[in-house]
Amino acid sequence: MTTTRALAAIDKRALWHPFTQQQGWCEEEPLIIDRAPGCTLYDTDGNAYLDGVSSLWCNVHGHTHPQIDRAVRAQLERVAHTTMLGLSHPGAIELAERLVRLAPPGLERVFYSDNGSTATEVALKMAFQYWRHRGMPQRNGFICLRDAYHGDTIGSVSVGGIDLFHACFGPLLFDTWQAEPGDAGDMAALLQQHSDQVAAVIVEPLVQGAAGILTHPDGYLADVRALCDEHDVLLIVDEVATGFGRTGTMFACEQENVAPDLMCVAKGLTGGYMPLAATLASERVYEAFLGEHEDLKTFFHGHTYTANPLACAAALATLDIFESERTLETLASKIDRFGELLDEFVAPLRCVGEVRRRGLMAGIALERFPLAARMGHQVTQAARRRGAIVRPLGDVVVLMPPLAMSEEELCHLVQITAASVAEATARPVLLAAA
Ligand SMILES: *Cc1c(COP(=O)(O)O)cnc(C)c1O
């Protein structure tokens, strides 16, 4: 097998990593992951690391789960991929029915795609086209939240609000109205002023992940739903990060008894195994697209690997495990324990400004350091030396363990994080020579 050193050299020569300043990347040694039983990642040299970010917020039941492995292998014996354009397949059919059963009431149609960004694009385009079919094409704008994140494609970036990621692309984006996160009064004022031009409001429910685990006050989501009803505006809820148990319930919407008109799911849908996404739509939205061929009411959108059968098999097994391992029932005590651990080990640290949390998602906001100090990154590097993978969003250290992580592992993860924050922030801040 190629040695770690050789792999590292090729990585630096041939790869371009996502959300990564390659100049800095090439100055450090890459960690190359080889295998992962459960919630532990092993690198090519055999070192072990707790997966503290669920391999970017998507792993649910742990890696190499025998039941999901088996399901994917069984599907592989039949066929790896067939198209959904003009054909169907059993996995996509069964999964659609299961999703409709699990989703908030009224979401009765499943439109597949392959990642969170496309799930949002689909929702935006459906909302836009919906009002055209309803004879109100002037309802063509969107209200999103400041600091929102809905993906990296141009449409999903348009409804995003994280300047660091999005500002550069301004000239490529469509205009939106931005509401203050968590402030129902602000949403009410925007809708009051613009509702006859608004197709939909799009929100991440309960917590804005990429904003740095920004939590909304209780009742906010329900207020937004009521305001959308009042102004006859569609509500798109982006459950890409929060779906599949992340906040303690299968979907975050459930906690405020909210049923959106369109709901986006991706990340956890396949247990973190494969790229698969879905946009669930209400029958009201779906029916507006019905007509004769020549009416051109078709939703002209679709991706090659839409509803890939291997991914659908992984998703069905993931949902089965929620039942067989009673994942949501055992989650409540884990979430409590996670909170206690953060309160005990992380919150009291000097340089920790705030610990924000919803379910098994936590953001540890460090006090302000100069951008060039890359404090979040320093914490990540310190955690790595201690045997855990965490990833910062700027100076917010994010913990997003798989739902399957044991209480013992959670304890280890939080202690490593605390020690790493203490170590990194204790050092004098070294700034690169100006
Ligand atoms: C990650 C994420 C997305 C984008 O999903 P991708 O699969 O990375 O395209 C969209 N919305 C939210 C809330 C997310 O956290």
# chains A, B, ... in the order shown; residues from 1 in each chain; ligands from 1
call {"tool": "residues_near_ligand", "arguments": {"ligand": "ligand 1", "cutoff": "7 Å", "atoms": "only C-alpha atoms and all ligand atoms", "output": "MDAnalysis selection string"}}
result
chainID A and resid 115:118 120 149:152 204 208:210 238:241 266:267
call {"tool": "residues_around", "arguments": {"residues": "stretch 190-203 of chain A", "least_positions_apart": "4", "cutoff": "7 Å", "atoms": "only C-alpha atoms", "output": "tab-separated table (two decimals) with N, CA, C and O atoms, in the first residue's frame"}}
result
chain	number	residue	atom	x	y	z
A	127	ALA	N	-41.08	26.70	-5.05
A	127	ALA	CA	-41.86	27.82	-4.49
A	127	ALA	C	-42.06	28.89	-5.56
A	127	ALA	O	-43.16	29.44	-5.73
A	128	PHE	N	-41.00	29.19	-6.28
A	128	PHE	CA	-41.04	30.21	-7.33
A	128	PHE	C	-42.05	29.84	-8.42
A	128	PHE	O	-42.92	30.61	-8.80
A	131	TRP	N	-46.02	29.85	-7.57
A	131	TRP	CA	-46.80	31.10	-7.69
A	131	TRP	C	-47.06	31.47	-9.14
A	131	TRP	O	-48.06	32.10	-9.46
A	138	GLN	N	-45.76	37.77	-9.54
A	138	GLN	CA	-45.07	38.83	-8.77
A	138	GLN	C	-44.59	38.32	-7.41
A	138	GLN	O	-43.74	38.92	-6.78
A	139	ARG	N	-45.14	37.18	-6.99
A	139	ARG	CA	-44.63	36.57	-5.75
A	139	ARG	C	-43.38	35.76	-6.11
A	139	ARG	O	-43.43	34.54	-6.27
A	140	ASN	N	-42.28	36.43	-6.28
A	140	ASN	CA	-41.09	35.74	-6.78
A	140	ASN	C	-39.86	35.97	-5.91
A	140	ASN	O	-38.74	35.65	-6.30
A	141	GLY	N	-40.04	36.54	-4.72
A	141	GLY	CA	-38.90	36.82	-3.85
A	141	GLY	C	-38.88	35.91	-2.63
A	141	GLY	O	-39.81	35.16	-2.37
A	142	PHE	N	-37.78	35.99	-1.88
A	142	PHE	CA	-37.62	35.13	-0.71
A	142	PHE	C	-37.18	35.94	0.50
A	142	PHE	O	-36.40	36.88	0.38
A	143	ILE	N	-37.69	35.54	1.65
A	143	ILE	CA	-37.18	36.07	2.92
A	143	ILE	C	-36.34	34.97	3.56
A	143	ILE	O	-36.79	33.82	3.67
A	144	CYS	N	-35.12	35.32	3.91
A	144	CYS	CA	-34.26	34.36	4.62
A	144	CYS	C	-33.76	35.03	5.90
A	144	CYS	O	-34.13	36.16	6.19
A	145	LEU	N	-32.97	34.33	6.65
A	145	LEU	CA	-32.48	34.88	7.92
A	145	LEU	C	-31.03	35.35	7.78
A	145	LEU	O	-30.26	34.76	7.01
A	186	ASP	N	-39.48	41.24	13.64
A	186	ASP	CA	-38.81	41.64	12.41
A	186	ASP	C	-39.39	40.89	11.21
A	186	ASP	O	-39.63	41.48	10.15
A	231	HIS	N	-50.01	35.65	5.89
A	231	HIS	CA	-49.73	36.37	4.63
A	231	HIS	C	-49.77	35.46	3.41
A	231	HIS	O	-49.36	35.86	2.33
A	233	VAL	N	-47.92	32.95	2.57
A	233	VAL	CA	-46.57	32.76	2.02
A	233	VAL	C	-46.14	31.34	2.35
A	233	VAL	O	-46.46	30.82	3.42
A	234	LEU	N	-45.43	30.70	1.43
A	234	LEU	CA	-44.96	29.33	1.70
A	234	LEU	C	-43.81	29.36	2.72
A	234	LEU	O	-43.03	30.30	2.74
A	235	LEU	N	-43.76	28.30	3.53
A	235	LEU	CA	-42.64	28.16	4.48
A	235	LEU	C	-41.77	26.97	4.06
A	235	LEU	O	-42.27	25.85	3.95
A	236	ILE	N	-40.49	27.27	3.82
A	236	ILE	CA	-39.51	26.22	3.52
A	236	ILE	C	-38.67	26.02	4.78
A	236	ILE	O	-38.07	26.97	5.29
A	237	VAL	N	-38.64	24.80	5.28
A	237	VAL	CA	-37.80	24.51	6.44
A	237	VAL	C	-36.64	23.62	5.99
A	237	VAL	O	-36.86	22.57	5.38
A	238	ASP	N	-35.44	24.08	6.26
A	238	ASP	CA	-34.23	23.37	5.86
A	238	ASP	C	-33.75	22.51	7.04
A	238	ASP	O	-33.10	23.00	7.96
call {"tool": "closest_residue", "arguments": {"among": "A:His412, A:Arg5, A:Arg427, A:His293", "to": "A:Phe345", "atoms": "only C-alpha atoms"}}
result
A:His412
call {"tool": "closest_residue", "arguments": {"among": "A:Val122, A:Ala14, A:Ala281, A:Ala382", "to": "A:Arg109", "atoms": "only C-alpha atoms"}}
result
A:Ala281
call {"tool": "closest_residue", "arguments": {"among": "A:Ala288, A:Leu214, A:Leu173, A:Val207", "to": "A:Ala252", "atoms": "only C-alpha atoms"}}
result
A:Val207
call {"tool": "closest_residue", "arguments": {"among": "A:Gln75, A:Ser420, A:Gln381, A:Gln255", "to": "A:Leu31", "atoms": "only C-alpha atoms"}}
result
A:Gln381
call {"tool": "residues_around", "arguments": {"residues": "A:Asp147", "least_positions_apart": "2", "cutoff": "6 Å", "atoms": "only C-alpha atoms", "output": "list in words"}}
result
Gly161, Ile162 and Ala211 of chain A
call {"tool": "select_by_dssp", "arguments": {"residues": "stretch 109-344 of chain A", "states": "strand (DSSP E)", "output": "JSON, numbers by chain"}}
result
{"A": [109, 110, 111, 112, 113, 141, 142, 143, 144, 145, 177, 178, 179, 198, 199, 200, 201, 202, 203, 207, 208, 214, 215, 234, 235, 236, 237, 238, 262, 263, 264, 265, 277, 278, 279, 280, 281, 282]}
call {"tool": "write_last_selection", "arguments": {"atoms": "C-alpha atoms", "output": "PDB file, in the first residue's frame"}}
result
ATOM      1  CA  ARG A 109     -44.623  14.188  -1.882  1.00  0.00           C
ATOM      2  CA  VAL A 110     -40.941  13.329  -2.010  1.00  0.00           C
ATOM      3  CA  PHE A 111     -38.660  14.823  -4.652  1.00  0.00           C
ATOM      4  CA  TYR A 112     -35.158  13.346  -4.498  1.00  0.00           C
ATOM      5  CA  SER A 113     -31.815  14.942  -5.236  1.00  0.00           C
ATOM      6  CA  GLY A 141     -38.898  36.823  -3.849  1.00  0.00           C
ATOM      7  CA  PHE A 142     -37.616  35.130  -0.707  1.00  0.00           C
ATOM      8  CA  ILE A 143     -37.180  36.070   2.916  1.00  0.00           C
ATOM      9  CA  CYS A 144     -34.258  34.364   4.620  1.00  0.00           C
ATOM     10  CA  LEU A 145     -32.479  34.878   7.923  1.00  0.00           C
ATOM     11  CA  TRP A 177     -34.970  40.203   2.284  1.00  0.00           C
ATOM     12  CA  GLN A 178     -33.041  39.214   5.398  1.00  0.00           C
ATOM     13  CA  ALA A 179     -34.834  38.886   8.716  1.00  0.00           C
ATOM     14  CA  VAL A 198     -42.769  36.961  -1.392  1.00  0.00           C
ATOM     15  CA  ALA A 199     -42.859  33.380  -2.667  1.00  0.00           C
ATOM     16  CA  ALA A 200     -41.527  31.811   0.506  1.00  0.00           C
ATOM     17  CA  VAL A 201     -39.743  32.248   3.797  1.00  0.00           C
ATOM     18  CA  ILE A 202     -36.810  29.858   4.261  1.00  0.00           C
ATOM     19  CA  VAL A 203     -35.399  29.009   7.687  1.00  0.00           C
ATOM     20  CA  VAL A 207     -30.813  26.349  15.251  1.00  0.00           C
ATOM     21  CA  GLN A 208     -28.653  27.851  12.509  1.00  0.00           C
ATOM     22  CA  LEU A 214     -27.023  29.959  16.691  1.00  0.00           C
ATOM     23  CA  THR A 215     -30.113  28.922  18.650  1.00  0.00           C
ATOM     24  CA  LEU A 234     -44.962  29.330   1.699  1.00  0.00           C
ATOM     25  CA  LEU A 235     -42.641  28.160   4.477  1.00  0.00           C
ATOM     26  CA  ILE A 236     -39.506  26.221   3.521  1.00  0.00           C
ATOM     27  CA  VAL A 237     -37.801  24.505   6.438  1.00  0.00           C
ATOM     28  CA  ASP A 238     -34.228  23.367   5.864  1.00  0.00           C
ATOM     29  CA  LEU A 262     -41.583  22.381   1.810  1.00  0.00           C
ATOM     30  CA  MET A 263     -38.959  20.547   3.845  1.00  0.00           C
ATOM     31  CA  CYS A 264     -35.349  19.800   2.857  1.00  0.00           C
ATOM     32  CA  VAL A 265     -33.467  16.791   4.217  1.00  0.00           C
ATOM     33  CA  ALA A 277     -31.358  14.349  -0.346  1.00  0.00           C
ATOM     34  CA  ALA A 278     -35.071  14.935  -0.526  1.00  0.00           C
ATOM     35  CA  THR A 279     -37.399  17.904  -0.743  1.00  0.00           C
ATOM     36  CA  LEU A 280     -40.791  17.053   0.716  1.00  0.00           C
ATOM     37  CA  ALA A 281     -43.743  19.048  -0.571  1.00  0.00           C
ATOM     38  CA  SER A 282     -47.324  19.508   0.526  1.00  0.00           C
TER      39      SER A 282
END
call {"tool": "closest_residue", "arguments": {"among": "A:Asp395, A:Glu340, A:Glu108, A:Asp229", "to": "A:Leu371", "atoms": "only C-alpha atoms"}}
result
A:Asp395
call {"tool": "residues_around", "arguments": {"residues": "A:Gln67", "least_positions_apart": "6", "cutoff": "9 Å", "atoms": "only C-alpha atoms", "output": "list of chain:residue names"}}
result
A:Ala314, A:Ala317, A:Thr318, A:Asp320, A:Ile321
call {"tool": "atom_distance", "arguments": {"atom1": "atom CA of A:Glu254", "atom2": "atom CA of A:Val414"}}
result
28.0 Å
call {"tool": "closest_residue", "arguments": {"among": "A:Val285, A:Leu7, A:Val258, A:Cys26", "to": "A:Ala123", "atoms": "only C-alpha atoms"}}
result
A:Val285
call {"tool": "residues_around", "arguments": {"residues": "A:Gly339", "least_positions_apart": "4", "cutoff": "12 Å", "atoms": "only C-alpha atoms", "output": "mmCIF file with C-alpha atoms, in the first residue's frame"}}
result
data_model
loop_
_atom_site.group_PDB
_atom_site.id
_atom_site.type_symbol
_atom_site.label_atom_id
_atom_site.label_comp_id
_atom_site.auth_asym_id
_atom_site.auth_seq_id
_atom_site.Cartn_x
_atom_site.Cartn_y
_atom_site.Cartn_z
ATOM 1 C CA ALA A 332 -32.770 12.163 25.689
ATOM 2 C CA SER A 333 -30.437 11.060 28.475
ATOM 3 C CA LYS A 334 -27.412 11.393 26.178
ATOM 4 C CA ILE A 335 -28.386 14.959 25.349
ATOM 5 C CA ASP A 343 -21.296 22.927 31.615
ATOM 6 C CA GLU A 344 -18.725 21.190 33.772
ATOM 7 C CA PHE A 345 -15.626 21.158 31.572
ATOM 8 C CA VAL A 346 -16.002 23.780 28.838
ATOM 9 C CA ALA A 347 -18.208 26.656 30.021
ATOM 10 C CA VAL A 355 -21.656 27.530 24.828
ATOM 11 C CA ARG A 356 -24.741 27.207 22.594
ATOM 12 C CA ARG A 357 -26.493 23.888 22.249
ATOM 13 C CA ARG A 358 -29.529 22.094 20.849
ATOM 14 C CA GLY A 359 -29.662 18.335 21.207
ATOM 15 C CA LEU A 360 -26.349 16.883 20.080
ATOM 16 C CA MET A 361 -25.161 20.056 18.359
ATOM 17 C CA ALA A 362 -22.970 22.449 20.315
ATOM 18 C CA GLY A 363 -21.024 25.584 19.474
ATOM 19 C CA ILE A 364 -18.298 26.761 21.821
ATOM 20 C CA LEU A 399 -19.184 19.520 18.477
ATOM 21 C CA GLU A 407 -21.856 8.464 27.060
ATOM 22 C CA LEU A 410 -19.065 11.788 24.768
ATOM 23 C CA CYS A 411 -17.282 12.384 28.051
ATOM 24 C CA VAL A 414 -15.817 16.916 25.742
#
call {"tool": "residues_around", "arguments": {"residues": "A:Asp43", "least_positions_apart": "6", "cutoff": "10 Å", "atoms": "only C-alpha atoms", "output": "list in words"}}
result
Thr4, Leu31, Ile32, Ile33, Asp34, Arg35, Ala36 and Tyr49 of chain A
call {"tool": "write_last_selection", "arguments": {"atoms": "C-alpha atoms", "output": "compact mmCIF listing (two decimals), in the first residue's frame"}}
result
# COMPACT_ATOMS: atom_id res chain seq x y z
CA THR A 4 1.20 7.90 4.39
CA LEU A 31 -4.61 13.49 8.35
CA ILE A 32 -5.62 10.67 6.03
CA ILE A 33 -8.49 8.51 7.27
CA ASP A 34 -8.42 4.87 6.39
CA ARG A 35 -11.26 3.18 8.29
CA ALA A 36 -13.79 3.82 11.01
CA TYR A 49 -9.64 9.78 16.74
call {"tool": "select_by_dssp", "arguments": {"residues": "stretch 296-413 of chain A", "states": "helix (DSSP H, G or I)", "output": "ChimeraX atom specification"}}
result
/A:309-324,327-346,371-373,375-386,407-413
call {"tool": "residues_around", "arguments": {"residues": "A:Leu269", "least_positions_apart": "6", "cutoff": "7 Å", "atoms": "only C-alpha atoms", "output": "PyMOL selection string"}}
result
chain A and resi 244+276+315
call {"tool": "atom_distance", "arguments": {"atom1": "atom CA of A:Ala189", "atom2": "atom CA of A:Met136"}}
result
21.6 Å
call {"tool": "atom_distance", "arguments": {"atom1": "atom CA of A:Gly376", "atom2": "atom CA of A:Leu349"}}
result
14.9 Å
